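*Asks:* File name coords_17.txt; file contents compact mmCIF, C-alpha atoms; full text below.
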```txt
# COMPACT_ATOMS: atom_id res chain seq x y z
CA MET G 289 -6.52 10.16 -36.05
CA GLU G 290 -9.32 12.49 -35.09
CA ASN G 291 -10.96 9.81 -32.99
CA ASN G 292 -8.03 9.62 -30.62
CA ILE G 293 -8.31 13.24 -29.58
CA TYR G 294 -10.54 13.64 -26.56
CA ASP G 295 -12.51 16.80 -26.07
CA VAL G 296 -11.55 16.85 -22.41
CA ILE G 297 -8.90 15.04 -20.41
CA ILE G 298 -9.24 15.40 -16.69
CA ILE G 299 -6.21 14.62 -14.57
CA GLY G 300 -7.31 13.53 -11.11
CA GLY G 301 -10.38 11.56 -10.03
CA GLY G 302 -11.42 13.38 -6.87
CA PRO G 303 -14.74 15.22 -6.49
CA GLY G 304 -13.60 18.15 -8.67
CA GLY G 305 -12.37 15.86 -11.43
CA TYR G 306 -15.41 13.60 -11.60
CA THR G 307 -17.86 16.50 -11.42
CA ALA G 308 -16.07 18.15 -14.34
CA ALA G 309 -16.32 14.79 -16.11
CA LEU G 310 -20.03 14.45 -15.38
CA TYR G 311 -20.82 17.90 -16.75
CA ALA G 312 -18.54 17.52 -19.76
CA ALA G 313 -20.05 14.16 -20.71
CA ARG G 314 -23.56 15.53 -20.33
CA ALA G 315 -22.54 18.30 -22.74
CA ASN G 316 -21.66 15.52 -25.21
CA LEU G 317 -17.91 16.03 -24.92
CA SER G 318 -15.72 12.94 -25.13
CA THR G 319 -14.12 12.76 -21.73
CA LEU G 320 -11.30 10.80 -20.12
CA VAL G 321 -10.41 10.87 -16.43
CA ILE G 322 -6.92 9.72 -15.50
CA GLU G 323 -6.47 8.85 -11.82
CA LYS G 324 -3.33 7.38 -10.32
CA MET G 325 -4.78 5.80 -7.20
CA ALA G 326 -8.50 5.41 -6.70
CA PRO G 327 -11.50 7.68 -7.18
CA GLY G 328 -12.25 10.18 -4.46
CA GLY G 329 -8.83 11.65 -3.80
CA GLN G 330 -8.36 12.98 -0.28
CA MET G 331 -12.10 12.67 0.28
CA ALA G 332 -11.78 8.89 0.02
CA THR G 333 -9.60 8.81 3.12
CA THR G 334 -12.39 10.34 5.21
CA ASP G 335 -14.49 7.92 7.16
CA ILE G 336 -17.66 9.97 7.35
CA VAL G 337 -18.22 13.12 5.31
CA GLU G 338 -20.75 15.21 7.17
CA ASN G 339 -20.66 18.48 5.27
CA TYR G 340 -21.64 17.34 1.79
CA PRO G 341 -25.33 18.11 1.46
CA GLY G 342 -27.95 15.50 0.83
CA PHE G 343 -26.83 12.77 3.23
CA VAL G 344 -28.74 12.78 6.51
CA ASP G 345 -26.31 10.43 8.24
CA GLY G 346 -23.23 11.57 6.38
CA ILE G 347 -21.54 9.33 3.86
CA ASN G 348 -18.31 7.38 3.73
CA GLY G 349 -15.77 9.32 1.63
CA PHE G 350 -14.61 6.29 -0.31
CA GLU G 351 -18.20 5.36 -1.14
CA LEU G 352 -18.98 8.92 -2.25
CA GLY G 353 -15.95 8.84 -4.55
CA MET G 354 -17.10 5.57 -6.12
CA GLN G 355 -20.60 7.00 -6.62
CA MET G 356 -19.22 10.13 -8.29
CA LYS G 357 -17.16 7.96 -10.64
CA LYS G 358 -20.11 5.72 -11.52
CA GLY G 359 -22.39 8.72 -11.92
CA ALA G 360 -20.03 10.22 -14.49
CA GLU G 361 -19.39 6.94 -16.30
CA ARG G 362 -23.12 6.51 -16.76
CA PHE G 363 -22.90 9.36 -19.27
CA GLY G 364 -19.96 7.88 -21.15
CA VAL G 365 -16.95 9.14 -19.22
CA LYS G 366 -13.94 6.86 -19.58
CA SER G 367 -11.64 6.25 -16.60
CA LYS G 368 -8.02 5.21 -16.75
CA MET G 369 -5.99 4.16 -13.73
CA ALA G 370 -2.49 5.44 -14.35
CA GLU G 371 -0.11 8.11 -13.22
CA VAL G 372 0.39 11.05 -15.56
CA LYS G 373 4.13 11.51 -16.03
CA SER G 374 4.21 14.61 -18.25
CA VAL G 375 1.98 17.11 -20.01
CA GLU G 376 2.37 19.49 -22.93
CA LEU G 377 -0.40 21.93 -22.18
CA SER G 378 0.38 24.64 -24.73
CA ALA G 379 0.55 22.17 -27.62
CA ASN G 380 -2.33 21.72 -30.05
CA PRO G 381 -3.76 19.24 -29.37
CA LYS G 382 -2.63 19.06 -25.77
CA VAL G 383 -0.59 15.99 -24.83
CA VAL G 384 -0.90 13.90 -21.66
CA LYS G 385 1.55 11.04 -21.14
CA THR G 386 1.46 8.17 -18.68
CA ALA G 387 4.22 5.60 -18.35
CA LYS G 388 2.59 3.45 -21.04
CA ASP G 389 0.27 5.67 -23.12
CA THR G 390 0.06 9.03 -24.80
CA PHE G 391 -3.28 10.82 -24.94
CA GLU G 392 -4.34 13.94 -26.79
CA ALA G 393 -7.09 16.41 -25.99
CA LYS G 394 -8.52 19.74 -27.01
CA THR G 395 -8.80 20.82 -23.38
CA VAL G 396 -7.30 19.68 -20.09
CA ILE G 397 -8.85 20.06 -16.67
CA LEU G 398 -6.33 19.77 -13.87
CA ALA G 399 -7.75 18.24 -10.70
CA LEU G 400 -4.56 17.14 -9.00
CA GLY G 401 -5.62 17.92 -5.46
CA ALA G 402 -3.37 18.39 -2.48
CA SER G 403 -1.35 16.27 -0.05
CA PRO G 404 -0.63 16.58 3.66
CA ARG G 405 2.12 19.06 4.46
CA GLU G 406 5.17 17.60 6.17
CA LEU G 407 6.91 19.17 9.15
CA GLY G 408 10.13 19.20 7.18
CA LEU G 409 12.20 17.55 9.91
CA GLU G 410 15.22 15.49 8.98
CA ASN G 411 14.11 12.06 10.15
CA GLU G 412 10.39 12.59 9.48
CA ARG G 413 10.14 10.48 6.33
CA ASN G 414 12.17 7.65 7.80
CA LEU G 415 9.86 7.51 10.78
CA ARG G 416 6.71 7.32 8.72
CA GLY G 417 5.09 4.08 9.82
CA ARG G 418 7.32 3.98 12.90
CA GLY G 419 5.41 6.58 14.87
CA VAL G 420 4.91 9.42 12.42
CA SER G 421 1.50 9.56 10.73
CA TYR G 422 -0.56 11.94 8.62
CA CYS G 423 -3.86 10.11 9.04
CA ALA G 424 -5.38 9.75 12.51
CA THR G 425 -8.36 7.71 11.35
CA CYS G 426 -5.98 5.28 9.61
CA ASP G 427 -3.37 4.81 12.27
CA GLY G 428 -5.07 5.83 15.51
CA MET G 429 -5.87 2.24 16.48
CA PHE G 430 -2.17 1.46 16.79
CA TYR G 431 -1.94 3.92 19.66
CA ARG G 432 -4.57 2.49 21.99
CA ASP G 433 -3.75 3.54 25.57
CA LYS G 434 -0.59 5.25 24.38
CA THR G 435 0.51 8.87 24.30
CA VAL G 436 0.47 10.86 21.09
CA VAL G 437 1.34 14.36 19.95
CA ILE G 438 -0.75 16.09 17.31
CA VAL G 439 0.81 19.00 15.48
CA GLY G 440 -1.50 21.69 14.13
CA GLY G 441 -4.41 23.92 15.13
CA GLY G 442 -6.89 23.77 12.27
CA ASN G 443 -9.94 21.60 11.72
CA THR G 444 -7.96 18.50 10.86
CA ALA G 445 -5.76 18.74 13.93
CA VAL G 446 -8.73 19.30 16.22
CA ALA G 447 -10.81 16.51 14.66
CA ASP G 448 -7.77 14.24 15.05
CA ALA G 449 -7.41 15.28 18.70
CA ILE G 450 -11.04 14.45 19.47
CA PHE G 451 -10.79 11.13 17.65
CA LEU G 452 -7.49 10.13 19.26
CA ALA G 453 -8.58 11.23 22.75
CA LYS G 454 -11.11 8.39 22.67
CA ILE G 455 -8.41 5.82 21.94
CA CYS G 456 -5.24 7.12 23.53
CA LYS G 457 -4.22 7.55 27.13
CA LYS G 458 -3.03 11.10 26.55
CA VAL G 459 -3.09 13.54 23.64
CA TYR G 460 -0.92 16.63 23.34
CA LEU G 461 -1.92 19.23 20.78
CA VAL G 462 1.05 21.34 19.77
CA HIS G 463 0.12 24.53 17.96
CA ARG G 464 2.19 27.45 16.69
CA ARG G 465 -0.34 30.02 17.82
CA ASP G 466 -2.06 30.66 21.12
CA GLU G 467 -5.53 29.88 19.80
CA LEU G 468 -7.15 27.36 17.48
CA ARG G 469 -8.31 28.06 13.95
CA ALA G 470 -10.85 25.24 14.05
CA SER G 471 -14.64 25.57 13.66
CA LYS G 472 -16.77 26.20 16.73
CA THR G 473 -18.56 22.88 16.24
CA TYR G 474 -15.49 21.06 17.52
CA MET G 475 -15.06 23.11 20.68
CA GLU G 476 -17.52 21.35 22.94
CA ALA G 477 -16.11 17.91 22.22
CA LEU G 478 -12.64 19.30 22.70
CA GLU G 479 -13.44 20.82 26.08
CA ASN G 480 -15.13 17.61 27.24
CA ALA G 481 -12.09 15.48 26.52
CA GLU G 482 -10.11 15.34 29.72
CA ASN G 483 -6.98 13.75 28.31
CA ILE G 484 -6.11 16.49 25.80
CA GLU G 485 -3.37 18.90 26.82
CA PHE G 486 -2.63 22.00 24.75
CA VAL G 487 0.89 23.14 24.09
CA TRP G 488 0.41 26.67 22.77
CA SER G 489 2.73 28.88 20.76
CA SER G 490 5.13 26.03 20.16
CA GLU G 491 6.74 24.17 17.32
CA VAL G 492 8.05 20.63 17.08
CA VAL G 493 11.74 21.01 16.27
CA GLU G 494 12.86 17.42 16.59
CA ILE G 495 11.36 13.95 16.60
CA MET G 496 13.22 11.66 18.95
CA ALA G 497 13.34 8.01 18.01
CA GLU G 498 15.12 4.74 18.45
CA GLN G 499 13.48 1.92 16.51
CA MET G 500 10.19 3.78 16.97
CA VAL G 501 9.28 7.32 17.94
CA THR G 502 10.00 8.00 21.60
CA GLY G 503 9.12 11.68 21.86
CA VAL G 504 9.37 15.17 20.44
CA LYS G 505 11.31 18.31 21.28
CA VAL G 506 9.04 21.31 21.35
CA LYS G 507 10.30 24.87 21.18
CA SER G 508 8.33 27.80 22.55
CA ARG G 509 7.87 30.64 20.10
CA LYS G 510 7.64 33.06 23.03
CA ASP G 511 10.88 32.45 24.90
CA ASP G 512 12.71 29.87 22.74
CA SER G 513 12.72 27.39 25.60
CA VAL G 514 12.75 23.73 24.54
CA ARG G 515 10.93 20.95 26.33
CA GLU G 516 10.71 17.25 25.66
CA ILE G 517 7.43 15.41 25.46
CA ALA G 518 7.62 11.63 25.63
CA CYS G 519 5.18 10.04 23.19
CA ASP G 520 4.64 6.96 21.04
CA GLY G 521 3.23 8.69 18.01
CA VAL G 522 3.27 12.02 16.20
CA PHE G 523 0.28 12.97 14.04
CA VAL G 524 1.01 15.78 11.63
CA ALA G 525 -2.00 17.93 10.68
CA ILE G 526 -0.57 21.24 9.53
CA GLY G 527 -2.51 21.64 6.33
CA ASN G 528 -1.95 20.62 2.75
CA VAL G 529 0.25 21.46 -0.18
CA PRO G 530 -1.14 21.51 -3.72
CA ASN G 531 0.09 18.77 -6.07
CA THR G 532 1.61 20.95 -8.75
CA ASP G 533 4.88 19.17 -9.58
CA LEU G 534 3.46 17.90 -12.87
CA ILE G 535 2.61 21.36 -14.19
CA LYS G 536 5.40 23.53 -12.78
CA GLY G 537 6.92 25.77 -15.44
CA GLN G 538 3.79 25.57 -17.60
CA VAL G 539 0.89 26.73 -15.46
CA GLU G 540 1.14 29.94 -13.47
CA LEU G 541 1.08 29.48 -9.69
CA ASP G 542 0.48 32.04 -6.95
CA GLU G 543 2.94 32.79 -4.14
CA ALA G 544 1.55 30.04 -1.95
CA GLY G 545 2.02 27.51 -4.76
CA TYR G 546 -1.64 27.18 -5.79
CA VAL G 547 -2.72 27.51 -9.41
CA ALA G 548 -3.43 31.14 -10.21
CA ALA G 549 -6.95 30.68 -11.55
CA ASP G 550 -10.03 32.62 -10.46
CA GLU G 551 -13.63 31.42 -10.17
CA THR G 552 -13.71 30.72 -13.92
CA THR G 553 -11.00 28.05 -13.24
CA LYS G 554 -9.12 29.34 -16.32
CA THR G 555 -5.35 29.11 -16.06
CA ASN G 556 -2.83 31.21 -17.98
CA ILE G 557 -2.95 28.60 -20.78
CA PRO G 558 -6.03 28.72 -23.05
CA GLY G 559 -8.03 25.51 -22.81
CA VAL G 560 -6.43 24.48 -19.52
CA PHE G 561 -8.45 24.70 -16.32
CA ALA G 562 -7.70 24.00 -12.66
CA VAL G 563 -10.28 22.80 -10.16
CA GLY G 564 -10.52 21.85 -6.51
CA ASP G 565 -7.86 22.03 -3.82
CA MET G 566 -5.01 22.92 -6.16
CA ARG G 567 -6.61 26.24 -7.18
CA GLN G 568 -6.31 29.46 -5.19
CA LYS G 569 -9.56 29.89 -3.23
CA PRO G 570 -10.80 30.88 0.21
CA LEU G 571 -12.32 27.52 1.18
CA ARG G 572 -11.18 24.04 0.18
CA GLN G 573 -14.09 21.66 0.59
CA ILE G 574 -15.80 18.94 -1.44
CA VAL G 575 -18.60 21.35 -2.30
CA THR G 576 -16.22 23.99 -3.63
CA ALA G 577 -14.31 21.36 -5.61
CA VAL G 578 -17.46 20.06 -7.29
CA ALA G 579 -18.52 23.63 -8.05
CA ASP G 580 -15.18 24.19 -9.77
CA GLY G 581 -15.68 21.04 -11.79
CA ALA G 582 -19.01 22.23 -13.17
CA VAL G 583 -17.61 25.66 -14.01
CA ALA G 584 -14.51 24.24 -15.71
CA SER G 585 -16.58 22.01 -17.97
CA LYS G 586 -18.66 25.00 -19.06
CA TYR G 587 -15.54 26.93 -20.11
CA ALA G 588 -14.00 23.83 -21.68
CA GLU G 589 -17.12 23.50 -23.82
CA GLU G 590 -16.94 27.17 -24.72
CA PHE G 591 -13.25 26.83 -25.67
CA ILE G 592 -13.98 23.85 -27.96
CA ASP G 593 -16.87 25.71 -29.66
CA LEU G 594 -14.70 28.71 -30.48
CA MET S 265 -6.25 -12.03 -2.96
CA MET S 266 -5.45 -14.51 -0.24
CA ILE S 267 -5.72 -13.35 3.35
CA VAL S 268 -2.90 -14.79 5.42
CA THR S 269 -3.17 -15.30 9.17
CA ASN S 270 -0.86 -16.50 11.91
CA LYS S 271 -1.89 -20.07 11.05
CA ASN S 272 -0.58 -20.13 7.50
CA PHE S 273 1.98 -17.28 7.53
CA GLN S 274 4.93 -19.69 7.73
CA GLU S 275 3.68 -21.81 4.87
CA GLU S 276 2.32 -19.11 2.56
CA VAL S 277 4.89 -16.37 3.13
CA VAL S 278 8.13 -17.60 4.68
CA GLU S 279 8.26 -20.91 2.81
CA SER S 280 6.84 -19.63 -0.47
CA LYS S 281 8.78 -20.58 -3.60
CA VAL S 282 8.31 -17.11 -5.10
CA PRO S 283 8.77 -13.75 -3.32
CA VAL S 284 5.69 -12.59 -1.41
CA LEU S 285 4.40 -9.04 -1.09
CA VAL S 286 2.31 -8.67 2.05
CA ASP S 287 -0.23 -5.87 2.39
CA PHE S 288 -1.06 -5.12 6.03
CA TYR S 289 -4.53 -3.59 6.06
CA ALA S 290 -7.76 -3.16 8.01
CA GLU S 291 -11.40 -2.97 6.98
CA TRP S 292 -11.78 0.53 8.43
CA CYS S 293 -8.71 1.96 6.69
CA MET S 294 -9.79 4.13 3.78
CA PRO S 295 -6.39 4.44 2.08
CA CYS S 296 -6.17 0.63 2.25
CA LYS S 297 -9.48 0.42 0.40
CA MET S 298 -8.17 2.79 -2.25
CA PHE S 299 -5.03 0.72 -2.61
CA GLY S 300 -6.96 -2.55 -3.03
CA PRO S 301 -7.66 -2.38 -6.79
CA ILE S 302 -4.03 -1.44 -7.52
CA LEU S 303 -2.82 -4.51 -5.64
CA GLU S 304 -5.42 -6.71 -7.33
CA SER S 305 -4.19 -5.66 -10.73
CA ALA S 306 -0.52 -5.98 -9.69
CA ALA S 307 -1.23 -9.51 -8.44
CA GLU S 308 -2.27 -10.45 -11.98
CA ASP S 309 0.73 -8.72 -13.58
CA PHE S 310 3.19 -10.48 -11.32
CA GLU S 311 1.61 -13.92 -11.47
CA GLY S 312 4.30 -16.58 -11.33
CA LYS S 313 7.02 -14.10 -10.30
CA MET S 314 5.65 -12.80 -7.04
CA LYS S 315 2.66 -13.53 -4.86
CA ILE S 316 0.61 -10.78 -3.25
CA VAL S 317 -1.30 -11.55 -0.05
CA LYS S 318 -3.07 -9.51 2.61
CA ILE S 319 -2.89 -9.55 6.39
CA ASN S 320 -5.79 -8.09 8.32
CA ILE S 321 -4.19 -6.38 11.32
CA ASP S 322 -7.34 -6.74 13.44
CA GLU S 323 -7.54 -10.47 12.83
CA SER S 324 -3.79 -11.02 13.09
CA PRO S 325 -2.54 -8.43 15.58
CA GLU S 326 0.41 -10.63 16.54
CA LEU S 327 1.77 -10.44 12.98
CA ALA S 328 1.31 -6.67 12.85
CA GLN S 329 3.14 -6.41 16.15
CA LYS S 330 5.91 -8.76 15.16
CA TYR S 331 6.67 -6.72 12.04
CA PHE S 332 6.31 -3.32 13.75
CA VAL S 333 3.38 -2.25 11.61
CA MET S 334 2.24 1.10 13.02
CA SER S 335 0.64 2.61 9.97
CA ILE S 336 -1.51 1.12 7.26
CA PRO S 337 -1.33 0.32 4.49
CA THR S 338 2.18 -1.09 4.96
CA LEU S 339 3.78 -3.34 2.36
CA LYS S 340 6.44 -5.86 3.24
CA LEU S 341 8.34 -7.97 0.77
CA PHE S 342 9.44 -11.44 1.86
CA ASN S 343 11.84 -13.62 -0.05
CA GLY S 344 12.24 -17.01 1.56
CA SER S 345 12.98 -15.69 5.01
CA GLU S 346 11.11 -14.79 8.15
CA GLU S 347 12.68 -11.38 7.94
CA ALA S 348 11.18 -8.87 5.53
CA LYS S 349 13.49 -7.83 2.70
CA ALA S 350 11.90 -4.42 2.25
CA THR S 351 9.12 -2.25 3.66
CA PHE S 352 7.01 0.50 2.16
CA VAL S 353 4.61 2.55 4.26
CA GLY S 354 1.60 4.11 2.53
CA SER S 355 -0.09 3.51 -0.76
CA MET S 356 1.22 4.20 -4.24
CA SER S 357 0.20 4.11 -7.88
CA GLY S 358 0.48 0.97 -9.98
CA GLU S 359 3.58 2.34 -11.74
CA GLU S 360 5.26 3.27 -8.47
CA LEU S 361 4.54 -0.19 -7.12
CA GLU S 362 6.07 -1.74 -10.21
CA GLU S 363 9.19 0.44 -9.85
CA TRP S 364 9.53 -0.31 -6.15
CA VAL S 365 9.21 -4.03 -6.68
CA ALA S 366 11.70 -3.83 -9.57
CA SER S 367 14.14 -1.97 -7.33
CA GLN S 368 14.01 -5.02 -5.06
CA GLY S 369 15.11 -7.22 -7.96
CA ILE S 370 11.72 -8.55 -9.04
CA LYS S 371 10.80 -7.88 -12.67
```
Reformat the file's structure so that it appears as structure tokens.

*Replies:*
Amino acid sequence: MENNIYDVIIIGGGPGGYTAALYAARANLSTLVIEKMAPGGQMATTDIVENYPGFVDGINGFELGMQMKKGAERFGVKSKMAEVKSVELSANPKVVKTAKDTFEAKTVILALGASPRELGLENERNLRGRGVSYCATCDGMFYRDKTVVIVGGGNTAVADAIFLAKICKKVYLVHRRDELRASKTYMEALENAENIEFVWSSEVVEIMAEQMVTGVKVKSRKDDSVREIACDGVFVAIGNVPNTDLIKGQVELDEAGYVAADETTKTNIPGVFAVGDMRQKPLRQIVTAVADGAVASKYAEEFIDL
Amino acid sequence: MMIVTNKNFQEEVVESKVPVLVDFYAEWCMPCKMFGPILESAAEDFEGKMKIVKINIDESPELAQKYFVMSIPTLKLFNGSEEAKATFVGSMSGEELEEWVASQGIK
């Protein structure tokens, strides 16, 4: 039935996905967003977003996600809460399957986002919730007056360090390099925190634990020496990995695992676009994700008109 | 969803006639907020077979401590005992939740 074929199916309800939906719906395209968790994606786990323009006092990430969803639905976008299990992107029409339903569309916009990168240590997953965390704002409160190790040297790691330094007795920041990659805006707060100790040019090679985490073994990248740091928690902030499992083997990825799509957001498959954090790009931010969403909807419209 | 505290934990969770899924959460936890609607809808799906309740870790720190909750959201499944039968740390999709609960023998 013709009616069952959407013009656009968007997989992922973060800022990229819902902006694509907003623009597509305003171009009179029938649009479905399928999101497995809740609108907002990674943005929704941020307490205060301070670099999305238009909000003098910043805005709660979850709230912003809800607003983006409502803003798109106002123009007729449909939302479905389900996990997409498989896609047939080269088919005509394209097929998107969840556990319970099968949907068809003329175009698909992939907005799958990214997830925190794991250290890759043997007992890491088992210790999640027993001292290992990927979200300082979520779990920081459990470590009041305790000692924690943060792994990483980018903006997330540094923001976590500043946040945790206010709660914890002592914060170690373990970084592979001998300098930080974080923005200058963080530096003052970082220097003012007296309970942060830097462990430069080092990698965490082992998490020590009994029932809970008891410490980490840290190896120097300079002389291979290993030292133990006793701690109650380990916060991992070493960047993200794109969520591409669903589309592997269909959509072309670059060497780092991101979707090989340029500023047009066009993938190697006609009528399939990739937006936001999963696409190769120099800066992964809410503003760049929403920009991608607008661009993708323009090319989706163009593809349908052909 | 019912919020359980130290006062009624024994009655509502341990002595419940059906298995109970407990969601440890806090108001300031964004992933918990995201997980909320999924649990709400699961609570309807499982009505009669399993009960889903929430524990606010700020209001009931002794329960969070007792069950070694160090990350939220954390789910714990109770089945007629003070000891949790299973634990899941983090949030998940509705389908994943269904599969996880099924893997614990609740369908």

*Asks:* Using only C-alpha atoms and a cutoff of 8 Å, can you tell me which residues are near (-9.7, 8.3, -6.9) in the file's coordinates, and write them out as a compact mmCIF listing (two decimals) with C-alpha atoms, in the coordinates of the input?

*Replies:*
```txt
# COMPACT_ATOMS: atom_id res chain seq x y z
CA GLY G 300 -7.31 13.53 -11.11
CA GLY G 301 -10.38 11.56 -10.03
CA GLY G 302 -11.42 13.38 -6.87
CA GLU G 323 -6.47 8.85 -11.82
CA LYS G 324 -3.33 7.38 -10.32
CA MET G 325 -4.78 5.80 -7.20
CA ALA G 326 -8.50 5.41 -6.70
CA PRO G 327 -11.50 7.68 -7.18
CA GLY G 328 -12.25 10.18 -4.46
CA GLY G 329 -8.83 11.65 -3.80
CA ALA G 332 -11.78 8.89 0.02
CA GLY G 353 -15.95 8.84 -4.55
CA MET G 354 -17.10 5.57 -6.12
CA MET S 298 -8.17 2.79 -2.25
```

*Asks:* Would you kindly report the residues of chain G within 8 Å of chain S, using all atoms listed in the file, as a ChimeraX atom specification?

*Replies:* /G:324-327,332-335,350,370-371,387,416-419,421,425-427,430

*Asks:* Work out how far CA of Ile450 (chain G) is from CA of Ile347 (chain G), in Å to one decimal.

*Replies:*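 Separation between CA of Ile347 (chain G) and CA of Ile450 (chain G): 19.5 Å.
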
*Asks:* Which is closest to Asp580 (chain G) among G:Ile455, G:Ala525, G:Val439, G:Ala549, if we use all atoms listed in the file?

*Replies:* G:Ala549

*Asks:* Taking into account all atoms listed in the file, which residue in the set G:Met566, G:Ala582, G:Ile574, G:Ile293 is nearest to Val337 (chain G)?

*Replies:*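 Distance minimum relative to Val337 (chain G) lands on G:Ile574.
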
*Asks:* Give the answer as one residue: which of S:Glu308, S:Glu362, S:Glu346, S:Glu326 has the shortest atom-to-atom distance to Thr269 (chain S), using all atoms listed in the file?

*Replies:*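 Of the candidates, the smallest distance to Thr269 (chain S) is held by S:Glu326.
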
*Asks:* Take CA of Val296 (chain G) and CA of Ala402 (chain G) and report the distance between them in Å, one decimal.

*Replies:* 21.6 Å

*Asks:* Leaving out Ile299 (chain G) and any residue of its chain fewer than 4 positions from it, which residues lie within 9 Å of it when counting all atoms listed in the file, given as a PDB file with C-alpha atoms, keeping the file's coordinate frame?

*Replies:*
```pdb
ATOM      1  CA  GLY G 305     -12.370  15.860 -11.430  1.00  0.00           C
ATOM      2  CA  LEU G 320     -11.300  10.800 -20.120  1.00  0.00           C
ATOM      3  CA  VAL G 321     -10.410  10.870 -16.430  1.00  0.00           C
ATOM      4  CA  ILE G 322      -6.920   9.720 -15.500  1.00  0.00           C
ATOM      5  CA  GLU G 323      -6.470   8.850 -11.820  1.00  0.00           C
ATOM      6  CA  LYS G 324      -3.330   7.380 -10.320  1.00  0.00           C
ATOM      7  CA  VAL G 372       0.390  11.050 -15.560  1.00  0.00           C
ATOM      8  CA  VAL G 384      -0.900  13.900 -21.660  1.00  0.00           C
ATOM      9  CA  VAL G 396      -7.300  19.680 -20.090  1.00  0.00           C
ATOM     10  CA  ILE G 397      -8.850  20.060 -16.670  1.00  0.00           C
ATOM     11  CA  LEU G 398      -6.330  19.770 -13.870  1.00  0.00           C
ATOM     12  CA  ALA G 399      -7.750  18.240 -10.700  1.00  0.00           C
ATOM     13  CA  LEU G 400      -4.560  17.140  -9.000  1.00  0.00           C
TER      14      LEU G 400
END
```

*Asks:* If I take CA of His463 (chain G) and CA of Trp488 (chain G), how far is one from the other in Å, to one decimal?

*Replies:* 5.3 Å

*Asks:* For a cutoff of 12 Å around the file-coordinate point (2.2, -12.5, -7.5), which residues qualify once you count only C-alpha atoms? I'd like the result as a PDB file with C-alpha atoms, in the frame of the given file.

*Replies:*
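Generated output (out.pdb):
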```pdb
ATOM      1  CA  MET S 265      -6.250 -12.030  -2.960  1.00  0.00           C
ATOM      2  CA  MET S 266      -5.450 -14.510  -0.240  1.00  0.00           C
ATOM      3  CA  VAL S 277       4.890 -16.370   3.130  1.00  0.00           C
ATOM      4  CA  SER S 280       6.840 -19.630  -0.470  1.00  0.00           C
ATOM      5  CA  LYS S 281       8.780 -20.580  -3.600  1.00  0.00           C
ATOM      6  CA  VAL S 282       8.310 -17.110  -5.100  1.00  0.00           C
ATOM      7  CA  PRO S 283       8.770 -13.750  -3.320  1.00  0.00           C
ATOM      8  CA  VAL S 284       5.690 -12.590  -1.410  1.00  0.00           C
ATOM      9  CA  LEU S 285       4.400  -9.040  -1.090  1.00  0.00           C
ATOM     10  CA  VAL S 286       2.310  -8.670   2.050  1.00  0.00           C
ATOM     11  CA  LEU S 303      -2.820  -4.510  -5.640  1.00  0.00           C
ATOM     12  CA  GLU S 304      -5.420  -6.710  -7.330  1.00  0.00           C
ATOM     13  CA  SER S 305      -4.190  -5.660 -10.730  1.00  0.00           C
ATOM     14  CA  ALA S 306      -0.520  -5.980  -9.690  1.00  0.00           C
ATOM     15  CA  ALA S 307      -1.230  -9.510  -8.440  1.00  0.00           C
ATOM     16  CA  GLU S 308      -2.270 -10.450 -11.980  1.00  0.00           C
ATOM     17  CA  ASP S 309       0.730  -8.720 -13.580  1.00  0.00           C
ATOM     18  CA  PHE S 310       3.190 -10.480 -11.320  1.00  0.00           C
ATOM     19  CA  GLU S 311       1.610 -13.920 -11.470  1.00  0.00           C
ATOM     20  CA  GLY S 312       4.300 -16.580 -11.330  1.00  0.00           C
ATOM     21  CA  LYS S 313       7.020 -14.100 -10.300  1.00  0.00           C
ATOM     22  CA  MET S 314       5.650 -12.800  -7.040  1.00  0.00           C
ATOM     23  CA  LYS S 315       2.660 -13.530  -4.860  1.00  0.00           C
ATOM     24  CA  ILE S 316       0.610 -10.780  -3.250  1.00  0.00           C
ATOM     25  CA  VAL S 317      -1.300 -11.550  -0.050  1.00  0.00           C
ATOM     26  CA  LYS S 318      -3.070  -9.510   2.610  1.00  0.00           C
ATOM     27  CA  LEU S 341       8.340  -7.970   0.770  1.00  0.00           C
ATOM     28  CA  PHE S 342       9.440 -11.440   1.860  1.00  0.00           C
ATOM     29  CA  GLU S 362       6.070  -1.740 -10.210  1.00  0.00           C
ATOM     30  CA  VAL S 365       9.210  -4.030  -6.680  1.00  0.00           C
ATOM     31  CA  ILE S 370      11.720  -8.550  -9.040  1.00  0.00           C
ATOM     32  CA  LYS S 371      10.800  -7.880 -12.670  1.00  0.00           C
TER      33      LYS S 371
END
```

*Asks:* Within 9 Å of Lys394 (chain G), counting only C-alpha atoms, which residues show up once you throw out same-chain ones fewer than 6 positions away? Write them as JSON, numbers by chain, please.

*Replies:* {"G": [293, 294, 295, 296, 297, 380, 381, 382, 559, 588, 591, 592]}
